[in-house]
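Engineer: Dropping in run04.csv, with CSV, C-alpha atoms.
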chain,number,residue,atom,x,y,z
A,873,MET,CA,125.8,103.6,112.3
A,874,HIS,CA,122.1,104.5,112.0
A,875,ILE,CA,121.6,106.3,115.3
A,876,PRO,CA,118.1,105.4,116.7
A,877,ASP,CA,115.7,107.8,118.5
A,878,GLY,CA,116.6,108.3,122.1
A,879,TYR,CA,120.4,108.1,121.8
A,880,LEU,CA,120.9,111.7,121.1
A,881,GLY,CA,119.5,114.4,123.4
A,882,PRO,CA,117.7,117.4,122.0
A,883,TYR,CA,120.7,119.7,122.0
A,884,THR,CA,122.5,117.4,119.6
A,885,TYR,CA,119.7,116.3,117.3
A,886,ILE,CA,118.3,119.9,117.0
A,887,ALA,CA,121.8,121.1,116.3
A,888,PHE,CA,122.1,118.6,113.4
A,889,TRP,CA,118.7,119.7,112.0
A,890,ILE,CA,120.0,123.3,112.0
A,891,ILE,CA,123.2,122.2,110.3
A,892,MET,CA,121.5,120.0,107.7
A,893,ILE,CA,118.7,122.2,106.5
A,894,PRO,CA,121.0,124.7,104.7
A,895,ILE,CA,123.2,121.8,103.5
A,896,TRP,CA,120.2,120.1,101.9
A,897,TYR,CA,119.0,123.4,100.4
A,898,TYR,CA,122.4,124.1,98.9
A,899,ALA,CA,122.9,120.6,97.7
A,900,GLY,CA,119.5,120.7,96.0
A,901,LYS,CA,120.3,124.0,94.3
A,902,LYS,CA,123.7,122.8,93.2
A,903,VAL,CA,122.5,119.5,91.8
A,904,SER,CA,119.6,121.1,90.0
A,905,THR,CA,121.8,123.6,88.2
A,906,GLU,CA,124.6,121.1,87.4
A,907,LEU,CA,122.6,117.9,86.7
A,908,ARG,CA,122.6,116.7,83.1
A,909,SER,CA,119.8,114.6,81.7
A,910,ARG,CA,122.2,111.7,80.9
A,911,GLN,CA,123.3,111.5,84.6
A,912,VAL,CA,119.8,111.1,85.9
A,913,PRO,CA,119.7,107.3,85.7
A,914,LEU,CA,123.0,107.1,87.5
A,915,LEU,CA,121.7,109.4,90.2
A,916,ALA,CA,118.6,107.3,90.7
A,917,LEU,CA,120.6,104.1,90.7
A,918,SER,CA,123.0,105.5,93.3
A,919,ALA,CA,120.2,106.2,95.8
A,920,ALA,CA,118.8,102.7,95.3
A,921,PHE,CA,122.3,101.2,95.7
A,922,SER,CA,123.0,103.2,98.9
A,923,PHE,CA,119.7,102.0,100.3
A,924,VAL,CA,120.4,98.3,99.6
A,925,ILE,CA,124.1,98.3,100.6
A,926,MET,CA,123.1,99.7,104.0
A,927,MET,CA,120.7,96.9,104.7
A,928,PHE,CA,123.3,94.3,103.8
A,929,ASN,CA,124.6,93.3,107.2
A,930,VAL,CA,127.9,91.6,107.6
A,931,PRO,CA,129.4,90.2,110.8
A,932,ILE,CA,132.9,90.9,112.0
A,933,PRO,CA,134.9,89.0,114.5
A,934,GLY,CA,134.0,90.2,118.0
A,935,GLY,CA,130.2,89.7,117.6
A,936,SER,CA,129.3,92.9,116.0
A,937,THR,CA,127.4,93.4,112.8
A,938,GLY,CA,127.3,96.4,110.5
A,939,HIS,CA,127.4,97.5,106.9
A,940,ALA,CA,129.0,99.6,104.2
A,941,VAL,CA,127.3,102.8,103.0
A,942,GLY,CA,128.3,103.2,99.4
A,943,ALA,CA,128.7,107.0,100.0
A,944,ALA,CA,132.4,107.0,98.9
A,945,ILE,CA,131.9,105.7,95.4
A,946,ILE,CA,128.8,107.9,95.0
A,947,GLY,CA,130.8,111.0,96.1
A,948,ILE,CA,133.6,110.1,93.6
A,949,VAL,CA,131.3,109.4,90.7
A,950,LEU,CA,128.5,111.9,91.1
A,951,GLY,CA,130.3,114.5,93.2
A,952,PRO,CA,129.8,115.1,96.9
A,953,TRP,CA,126.8,117.4,96.6
A,954,ALA,CA,124.8,114.9,94.6
A,955,ALA,CA,125.8,112.2,97.1
A,956,VAL,CA,124.3,114.3,99.9
A,957,ILE,CA,121.0,114.2,98.2
A,958,THR,CA,121.0,110.5,97.2
A,959,ILE,CA,122.2,109.2,100.6
A,960,SER,CA,119.8,111.5,102.5
A,961,VAL,CA,116.9,110.2,100.5
A,962,ALA,CA,117.9,106.6,101.3
A,963,LEU,CA,118.3,107.4,105.0
A,964,VAL,CA,115.0,109.2,105.3
A,965,LEU,CA,113.2,106.3,103.8
A,966,GLN,CA,115.0,103.8,106.0
A,967,ALA,CA,114.0,105.8,109.1
A,968,LEU,CA,110.3,106.4,108.1
A,969,MET,CA,109.4,103.1,106.6
A,970,PHE,CA,111.8,100.6,108.3
A,971,GLY,CA,112.7,102.2,111.6
A,972,ASP,CA,116.4,102.0,110.8
A,973,GLY,CA,117.7,105.1,112.4
A,974,GLY,CA,115.6,107.5,114.4
A,975,ILE,CA,113.3,110.3,113.2
A,976,THR,CA,114.8,112.8,115.5
A,977,ALA,CA,118.3,111.6,114.6
A,978,VAL,CA,117.8,111.5,110.9
A,979,ALA,CA,119.6,114.8,110.4
A,980,ALA,CA,122.6,113.6,112.4
A,981,ASN,CA,122.6,110.3,110.4
A,982,CYS,CA,122.5,112.3,107.2
A,983,PHE,CA,125.4,114.4,108.3
A,984,ASN,CA,127.6,111.4,109.3
A,985,MET,CA,126.9,109.2,106.3
A,986,GLY,CA,125.6,111.7,103.7
A,987,VAL,CA,127.9,114.6,104.2
A,988,VAL,CA,131.1,113.6,106.0
A,989,MET,CA,131.5,110.4,103.9
A,990,PRO,CA,131.2,111.7,100.4
A,991,PHE,CA,133.2,114.9,101.1
A,992,VAL,CA,136.1,113.0,102.8
A,993,ALA,CA,136.0,110.4,100.0
A,994,TYR,CA,135.9,112.9,97.1
A,995,TYR,CA,138.8,115.0,98.4
A,996,ALA,CA,140.9,112.0,99.5
A,997,TYR,CA,140.4,110.5,96.0
A,998,LYS,CA,141.3,113.8,94.3
A,999,LEU,CA,144.3,114.4,96.5
A,1000,ILE,CA,145.8,110.9,96.1
A,1001,SER,CA,145.0,110.8,92.3
A,1002,GLY,CA,146.7,114.1,91.7
A,1003,ASN,CA,147.5,114.6,88.0
A,1004,SER,CA,147.5,110.9,87.2
A,1005,GLU,CA,145.9,109.7,84.0
A,1006,ILE,CA,142.2,109.0,84.5
A,1007,THR,CA,142.9,105.3,83.6
A,1008,SER,CA,145.8,105.0,86.0
A,1009,PRO,CA,145.7,102.2,88.5
A,1010,ILE,CA,146.7,104.8,91.1
A,1011,ARG,CA,143.1,106.0,91.0
A,1012,ILE,CA,141.8,102.6,92.0
A,1013,ILE,CA,144.0,102.7,95.0
A,1014,ALA,CA,143.0,106.2,95.7
A,1015,SER,CA,139.3,105.2,95.6
A,1016,ALA,CA,139.9,102.3,98.0
A,1017,ILE,CA,141.7,104.6,100.5
A,1018,ALA,CA,138.9,107.2,100.0
A,1019,GLY,CA,136.3,104.5,100.9
A,1020,TYR,CA,138.3,103.4,103.9
A,1021,LEU,CA,138.9,106.8,105.3
A,1022,SER,CA,135.4,108.1,104.7
A,1023,LEU,CA,133.6,105.4,106.6
A,1024,THR,CA,136.1,105.5,109.4
A,1025,MET,CA,135.6,109.3,109.7
A,1026,ALA,CA,131.8,108.9,109.7
A,1027,ALA,CA,132.2,106.3,112.5
A,1028,THR,CA,134.4,108.7,114.5
A,1029,PHE,CA,131.8,111.5,114.2
A,1030,THR,CA,129.1,109.0,115.3
A,1031,GLY,CA,131.2,107.9,118.3
A,1032,ILE,CA,131.7,111.6,119.3
A,1033,GLU,CA,128.0,112.4,119.0
A,1034,PHE,CA,127.2,109.4,121.2
A,1035,GLY,CA,129.9,110.1,123.7
A,1036,ILE,CA,129.0,113.7,124.5
A,1037,GLN,CA,125.5,112.7,125.6
A,1038,PRO,CA,126.3,111.8,129.2
A,1039,LEU,CA,128.1,115.2,129.5
A,1040,LEU,CA,125.1,117.1,128.0
A,1041,HIS,CA,122.2,115.3,129.6
A,1042,HIS,CA,122.1,113.7,133.0
A,1043,THR,CA,120.0,113.9,136.2
A,1044,ALA,CA,121.2,115.8,139.3
A,1045,ALA,CA,122.3,112.4,140.5
A,1046,GLY,CA,124.4,111.9,137.4
A,1047,VAL,CA,122.2,109.3,135.7
A,1048,PRO,CA,122.5,109.7,131.9
A,1049,LEU,CA,119.3,110.5,130.1
A,1050,TYR,CA,120.2,109.4,126.6
A,1051,MET,CA,123.3,107.5,125.3
A,1052,PRO,CA,124.7,106.2,128.6
A,1053,TYR,CA,128.3,105.5,127.5
A,1054,PRO,CA,131.0,108.2,127.6
A,1055,LEU,CA,133.5,109.2,124.9
A,1056,SER,CA,136.1,106.9,126.3
A,1057,ILE,CA,133.9,104.0,125.3
A,1058,THR,CA,131.9,105.2,122.3
A,1059,VAL,CA,134.8,106.5,120.2
A,1060,PRO,CA,137.0,103.4,120.4
A,1061,ALA,CA,134.0,101.1,120.0
A,1062,MET,CA,132.8,102.9,116.8
A,1063,VAL,CA,136.3,103.5,115.3
A,1064,LEU,CA,137.6,100.0,116.0
A,1065,GLU,CA,134.8,98.0,114.5
A,1066,HIS,CA,135.1,100.1,111.4
A,1067,VAL,CA,138.8,100.2,111.1
A,1068,LEU,CA,139.0,96.5,111.4
A,1069,GLY,CA,135.9,95.6,109.5
A,1070,PHE,CA,133.3,97.7,107.8
A,1071,SER,CA,135.7,100.3,106.4
A,1072,ILE,CA,137.6,97.5,104.6
A,1073,LEU,CA,134.3,96.5,103.0
A,1074,GLU,CA,133.6,100.1,102.0
A,1075,ALA,CA,137.1,100.3,100.5
A,1076,LEU,CA,136.6,97.1,98.5
A,1077,ILE,CA,133.2,98.1,97.1
A,1078,THR,CA,134.5,101.6,96.2
A,1079,ALA,CA,137.5,100.2,94.4
A,1080,LEU,CA,135.5,97.5,92.6
A,1081,ILE,CA,132.9,99.9,91.2
A,1082,PHE,CA,135.5,102.5,90.4
A,1083,ALA,CA,137.7,100.0,88.5
A,1084,TYR,CA,134.6,98.9,86.5
A,1085,ILE,CA,133.7,102.5,85.6
A,1086,GLN,CA,137.3,103.2,84.8
A,1087,LYS,CA,137.4,100.3,82.4
A,1088,THR,CA,134.1,101.1,80.6
A,1089,ASP,CA,133.4,104.8,80.6
A,1090,THR,CA,135.3,107.4,82.5
A,1091,THR,CA,133.3,110.3,81.2
A,1092,ILE,CA,130.6,109.7,83.7
A,1093,LEU,CA,133.0,110.6,86.5
A,1094,TYR,CA,132.3,113.9,88.2
A,1095,GLY,CA,134.5,116.6,86.8
A,1096,GLU,CA,135.5,114.6,83.8
A,1097,THR,CA,134.3,115.7,80.4
A,1098,SER,CA,133.7,113.5,77.5
A,1099,GLU,CA,135.6,113.8,74.2
A,1100,GLU,CA,132.4,114.9,72.6
A,1101,GLN,CA,132.0,117.8,75.0
A,1102,LYS,CA,135.7,118.7,74.7
A,1103,ASN,CA,135.3,118.9,70.9
A,1104,LYS,CA,132.3,121.1,71.4
A,1105,MET,CA,134.2,123.4,73.7
A,1106,ARG,CA,137.1,123.5,71.2
A,1107,ARG,CA,134.7,124.4,68.4
A,1108,ALA,CA,133.1,127.1,70.6
A,1109,VAL,CA,136.4,128.8,71.1
A,1110,PRO,CA,137.4,130.9,68.0
A,1111,ILE,CA,140.5,129.5,66.5
A,1112,GLU,CA,143.5,131.8,66.6
A,1113,VAL,CA,146.0,131.4,63.8
B,1253,MET,CA,126.6,105.1,79.5
B,1254,GLU,CA,123.4,103.0,79.0
B,1255,LYS,CA,125.5,99.8,79.2
B,1256,ILE,CA,127.1,100.9,82.5
B,1257,VAL,CA,123.7,101.8,84.0
B,1258,ARG,CA,122.3,98.5,82.9
B,1259,ASN,CA,125.1,96.5,84.3
B,1260,LEU,CA,125.2,98.3,87.6
B,1261,ALA,CA,121.4,97.8,87.8
B,1262,ILE,CA,121.9,94.1,87.4
B,1263,GLY,CA,124.6,94.2,90.1
B,1264,LEU,CA,122.0,96.0,92.4
B,1265,LEU,CA,119.4,93.3,91.7
B,1266,VAL,CA,121.9,90.6,92.7
B,1267,LEU,CA,122.6,92.5,95.9
B,1268,ILE,CA,118.9,92.7,96.7
B,1269,ILE,CA,118.5,89.0,96.3
B,1270,LEU,CA,121.6,88.2,98.4
B,1271,ALA,CA,120.7,90.8,101.1
B,1272,PRO,CA,118.9,88.2,103.3
B,1273,LEU,CA,122.3,86.6,103.9
B,1274,GLY,CA,122.8,89.4,106.3
B,1275,LEU,CA,120.1,87.9,108.5
B,1276,LEU,CA,122.4,85.1,109.3
B,1277,ALA,CA,124.8,87.6,110.8
B,1278,VAL,CA,124.0,87.4,114.5
B,1279,GLY,CA,125.4,90.0,116.8
B,1280,GLU,CA,124.7,93.4,118.2
B,1281,THR,CA,125.4,96.8,116.7
B,1282,PHE,CA,127.0,99.3,119.0
B,1283,GLY,CA,124.6,102.1,119.9
B,1284,GLU,CA,121.5,100.5,118.3
B,1285,TRP,CA,120.3,98.5,121.3
B,1286,GLY,CA,116.6,98.5,122.2
B,1287,PRO,CA,115.4,99.5,125.7
B,1288,GLU,CA,115.2,95.9,126.8
B,1289,GLU,CA,118.9,95.2,125.8
B,1290,LEU,CA,120.0,98.3,127.7
B,1291,GLN,CA,118.0,97.2,130.7
B,1292,GLU,CA,120.1,94.0,130.6
B,1293,LYS,CA,123.4,95.8,130.1
B,1294,LEU,CA,123.0,98.6,132.5
B,1295,GLY,CA,120.3,97.5,134.9
B,1296,PHE,CA,118.3,100.6,134.0
B,1297,VAL,CA,117.0,102.3,130.9
B,1298,PRO,CA,118.1,106.0,130.5
B,1299,PRO,CA,114.8,107.9,131.0
B,1300,GLY,CA,115.1,110.2,128.0
B,1301,LEU,CA,116.0,107.4,125.8
B,1302,GLU,CA,113.0,105.3,126.9
B,1303,GLN,CA,110.8,108.2,126.2
B,1304,LEU,CA,112.1,109.0,122.7
B,1305,SER,CA,112.7,105.4,121.6
B,1306,GLY,CA,108.9,104.8,121.2
B,1307,LEU,CA,108.4,108.0,119.2
B,1308,TRP,CA,107.9,106.4,115.8
B,1309,ASN,CA,106.4,103.1,114.8
B,1310,ALA,CA,107.7,102.2,111.4
B,1311,PRO,CA,105.4,100.2,109.2
B,1312,MET,CA,108.1,97.6,108.4
B,1313,SER,CA,110.3,97.9,111.4
B,1314,ASP,CA,113.7,96.2,111.0
B,1315,TYR,CA,112.8,95.3,107.4
B,1316,ALA,CA,110.3,92.7,108.6
B,1317,PHE,CA,106.6,92.2,108.3
B,1318,PRO,CA,104.6,93.7,111.1
B,1319,GLY,CA,103.8,90.9,113.5
B,1320,GLY,CA,105.3,88.6,111.0
B,1321,GLY,CA,106.4,85.1,111.7
B,1322,GLU,CA,109.9,84.2,112.9
B,1323,SER,CA,110.6,81.7,110.2
B,1324,MET,CA,113.7,82.3,108.1
B,1325,THR,CA,111.8,82.2,104.8
B,1326,VAL,CA,109.3,84.9,105.9
B,1327,SER,CA,112.1,87.1,107.2
B,1328,ALA,CA,114.1,86.6,104.0
B,1329,ALA,CA,111.0,87.4,101.9
B,1330,ALA,CA,110.4,90.6,103.9
B,1331,TYR,CA,114.0,91.5,103.6
B,1332,ILE,CA,114.0,91.2,99.8
B,1333,LEU,CA,110.7,93.1,99.6
B,1334,SER,CA,112.2,95.9,101.7
B,1335,GLY,CA,115.2,96.1,99.4
B,1336,VAL,CA,112.8,96.3,96.4
B,1337,ILE,CA,110.7,99.0,98.0
B,1338,GLY,CA,113.8,100.9,99.0
B,1339,ALA,CA,115.3,100.7,95.5
B,1340,VAL,CA,112.1,101.5,93.7
B,1341,VAL,CA,111.1,104.5,96.0
B,1342,CYS,CA,114.6,106.0,96.2
B,1343,GLY,CA,115.5,105.4,92.5
B,1344,GLY,CA,112.0,106.4,91.3
B,1345,LEU,CA,111.9,109.6,93.3
B,1346,LEU,CA,115.3,110.8,92.1
B,1347,TYR,CA,114.6,109.7,88.6
B,1348,VAL,CA,111.4,111.7,88.4
B,1349,VAL,CA,112.7,114.8,90.2
B,1350,GLY,CA,116.1,114.5,88.3
B,1351,LYS,CA,114.4,114.4,84.9
B,1352,LYS,CA,112.4,117.5,85.9
B,1353,VAL,CA,115.4,119.6,86.9
B,1354,ALA,CA,118.1,118.2,84.6
B,1355,LYS,CA,119.6,120.2,81.7
B,1356,ASN,CA,120.1,118.4,78.4
Show how you would write the structure in this file as structure tokens.
Structural biologist:
Amino acid sequence: MHIPDGYLGPYTYIAFWIIMIPIWYYAGKKVSTELRSRQVPLLALSAAFSFVIMMFNVPIPGGSTGHAVGAAIIGIVLGPWAAVITISVALVLQALMFGDGGITAVAANCFNMGVVMPFVAYYAYKLISGNSEITSPIRIIASAIAGYLSLTMAATFTGIEFGIQPLLHHTAAGVPLYMPYPLSITVPAMVLEHVLGFSILEALITALIFAYIQKTDTTILYGETSEEQKNKMRRAVPIEV
Amino acid sequence: MEKIVRNLAIGLLVLIILAPLGLLAVGETFGEWGPEELQEKLGFVPPGLEQLSGLWNAPMSDYAFPGGGESMTVSAAAYILSGVIGAVVCGGLLYVVGKKVAKN
């Protein structure tokens, strides 16, 4: 899913830089106003986790290899905006230091894995969880579905970005300049290998970590306040008799 | 909170140590072929792709040592080192910046 340099033509990669710069800016502002000191270790750990899980290659039947991203669980635990930051940091380092994903394509990769994924995951999780108790098993299922949908959606976006290249950039004779395969090949290829393989892995990882957090300390979840904070808020409100 | 972070960090460490298992996974990744592979597949290399693909020479390309040996042990060591570098740089950067901007 890490698009290398040369696969996206300038229209596409420049467009993604233009899309990503304000998203990074807003995410940075949002995180710096909302971030609490006790969440910092978790934020740091998330970026490290995302980096490592993306280099963990797994084979699927059919001769393809790929990986999970970890963006779904990060989106659910830290909130989608913090996930934008952590995953982007991991992707930029992978591109610069390890040549995994292109330099020109890094904005597109950050969009697919660092924006589409955590937002799809977070809202899917919220929607399915509804008003269920924070400790409800429904939420584990919700997190698994969120993981599955989010990586599949990111793969779909990647497939579309690949597939529009022959339409956007070709010589007068019709020879493609960048990604040579059309949408009819790229979208099914990207979606199928994820639907049948890597998205299942993302779902498992998301559910596993979610279940662990649910069992130990739900107050670290984005949007959930601890009893201590709730008490503070209660105390802050004048008691009406 | 501290216990969760510690246990998740241990999980991450295990993941880094196991990461070289991924090296056993032989196969191609759709849309990540090098120019040589495309030459084989298509009989030509798209000219724009050929030009852009050499844009950046990463110091540890493909999570391997530059000009490193082909042996499995060396590859595995490079892979683990890459994981450590990634975890330390990403985690360290966000920890330092996070502590600076965080409210108590």
Engineer: Mind listing as a tab-separated table (two decimals) with C-alpha atoms, keeping the file's coordinate frame which residues of chain A are within 7 Å of chain B, counting all atoms listed in the file?
Structural biologist:
chain	number	residue	atom	x	y	z
A	875	ILE	CA	121.60	106.30	115.30
A	876	PRO	CA	118.10	105.40	116.70
A	877	ASP	CA	115.70	107.80	118.50
A	878	GLY	CA	116.60	108.30	122.10
A	879	TYR	CA	120.40	108.10	121.80
A	904	SER	CA	119.60	121.10	90.00
A	907	LEU	CA	122.60	117.90	86.70
A	908	ARG	CA	122.60	116.70	83.10
A	909	SER	CA	119.80	114.60	81.70
A	912	VAL	CA	119.80	111.10	85.90
A	913	PRO	CA	119.70	107.30	85.70
A	914	LEU	CA	123.00	107.10	87.50
A	915	LEU	CA	121.70	109.40	90.20
A	916	ALA	CA	118.60	107.30	90.70
A	917	LEU	CA	120.60	104.10	90.70
A	919	ALA	CA	120.20	106.20	95.80
A	920	ALA	CA	118.80	102.70	95.30
A	921	PHE	CA	122.30	101.20	95.70
A	923	PHE	CA	119.70	102.00	100.30
A	924	VAL	CA	120.40	98.30	99.60
A	928	PHE	CA	123.30	94.30	103.80
A	929	ASN	CA	124.60	93.30	107.20
A	930	VAL	CA	127.90	91.60	107.60
A	931	PRO	CA	129.40	90.20	110.80
A	935	GLY	CA	130.20	89.70	117.60
A	936	SER	CA	129.30	92.90	116.00
A	937	THR	CA	127.40	93.40	112.80
A	938	GLY	CA	127.30	96.40	110.50
A	961	VAL	CA	116.90	110.20	100.50
A	962	ALA	CA	117.90	106.60	101.30
A	968	LEU	CA	110.30	106.40	108.10
A	969	MET	CA	109.40	103.10	106.60
A	970	PHE	CA	111.80	100.60	108.30
A	971	GLY	CA	112.70	102.20	111.60
A	972	ASP	CA	116.40	102.00	110.80
A	1048	PRO	CA	122.50	109.70	131.90
A	1049	LEU	CA	119.30	110.50	130.10
A	1050	TYR	CA	120.20	109.40	126.60
A	1052	PRO	CA	124.70	106.20	128.60
A	1089	ASP	CA	133.40	104.80	80.60
Engineer: Identify which of the residues A:Gly934, A:Leu1055, A:Thr1078, A:His939 lies closest to Arg1011 in chain A, counting only C-alpha atoms when measuring atom-to-atom distances.
Structural biologist: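 Of the candidates, the smallest distance to Arg1011 in chain A is held by A:Thr1078.
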Engineer: When you count only C-alpha atoms, which of these residues is closest to Gly881 in chain A: A:Glu1096, A:Glu1074, A:Glu1033, A:Glu1065?
Structural biologist: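 Selected residue with least distance to Gly881 in chain A: A:Glu1033.
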Engineer: In Å, with one decimal, what is the gap from CA of Ile1010 in chain A to CA of Val941 in chain A?
Structural biologist: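 Between these atoms lies a distance of 22.8 Å.
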Engineer: Please indicate the distance in Å from CA of Leu880 in chain A to CA of Val978 in chain A, rounded to one decimal place.
Structural biologist: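 Rounded to one decimal, the two atoms are 10.7 Å apart.
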Engineer: To one decimal in Å, tell me the separation between CA of Thr958 in chain A and CA of Lys901 in chain A.
Structural biologist: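 One can read the CA of Thr958 in chain A to CA of Lys901 in chain A distance as 13.8 Å.
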Engineer: From the set A:Thr976, A:Asn981, A:Gln911, A:Ser1015, which residue has the shortest atom-to-atom contact distance to Tyr994 in chain A, counting all atoms listed in the file?
Structural biologist: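 Checking each candidate against Tyr994 in chain A, we get A:Ser1015 as the closest.
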Engineer: Residues near Val987 in chain A, anyone? I mean within 12 Å using all atoms listed in the file, not counting same-chain ones fewer than 5 positions away, as an MDAnalysis selection string.
Structural biologist: chainID A and resid 888 891:892 895:896 899 941 943:944 946:947 951:960 979:982 992:994 1022:1023 1025:1026 1029
Engineer: Can you fill out range 906-923 of chain A with N, CA and C atoms and hand it back as a compact mmCIF listing (two decimals), keeping the file's coordinate frame?
Structural biologist:
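Saved result, rebuild_9.txt, follows:
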# COMPACT_ATOMS: atom_id res chain seq x y z
N GLU A 906 123.49 121.79 88.05
CA GLU A 906 124.60 121.10 87.40
C GLU A 906 124.14 119.79 86.68
N LEU A 907 123.02 119.23 87.14
CA LEU A 907 122.60 117.90 86.70
C LEU A 907 122.30 117.88 85.19
N ARG A 908 122.87 116.90 84.50
CA ARG A 908 122.60 116.70 83.10
C ARG A 908 121.66 115.52 82.92
N SER A 909 120.85 115.59 81.88
CA SER A 909 119.80 114.60 81.70
C SER A 909 120.43 113.15 81.64
N ARG A 910 121.60 113.00 81.03
CA ARG A 910 122.20 111.70 80.90
C ARG A 910 122.67 111.11 82.24
N GLN A 911 122.83 111.98 83.24
CA GLN A 911 123.30 111.50 84.60
C GLN A 911 122.16 111.04 85.44
N VAL A 912 120.91 111.37 85.04
CA VAL A 912 119.80 111.10 85.90
C VAL A 912 119.64 109.59 86.27
N PRO A 913 119.76 108.67 85.28
CA PRO A 913 119.70 107.30 85.70
C PRO A 913 120.71 106.84 86.69
N LEU A 914 121.90 107.40 86.55
CA LEU A 914 123.00 107.10 87.50
C LEU A 914 122.67 107.62 88.89
N LEU A 915 122.08 108.81 88.94
CA LEU A 915 121.70 109.40 90.20
C LEU A 915 120.64 108.55 90.91
N ALA A 916 119.64 108.12 90.14
CA ALA A 916 118.60 107.30 90.70
C ALA A 916 119.14 105.95 91.18
N LEU A 917 120.01 105.38 90.36
CA LEU A 917 120.60 104.10 90.70
C LEU A 917 121.46 104.21 91.98
N SER A 918 122.14 105.34 92.14
CA SER A 918 123.00 105.50 93.30
C SER A 918 122.18 105.52 94.60
N ALA A 919 121.03 106.19 94.58
CA ALA A 919 120.20 106.20 95.80
C ALA A 919 119.71 104.81 96.11
N ALA A 920 119.30 104.06 95.08
CA ALA A 920 118.80 102.70 95.30
C ALA A 920 119.98 101.83 95.82
N PHE A 921 121.16 102.02 95.25
CA PHE A 921 122.30 101.20 95.70
C PHE A 921 122.68 101.52 97.13
N SER A 922 122.67 102.80 97.50
CA SER A 922 123.00 103.20 98.90
C SER A 922 122.00 102.54 99.84
N PHE A 923 120.72 102.59 99.48
CA PHE A 923 119.70 102.00 100.30
C PHE A 923 119.98 100.51 100.56
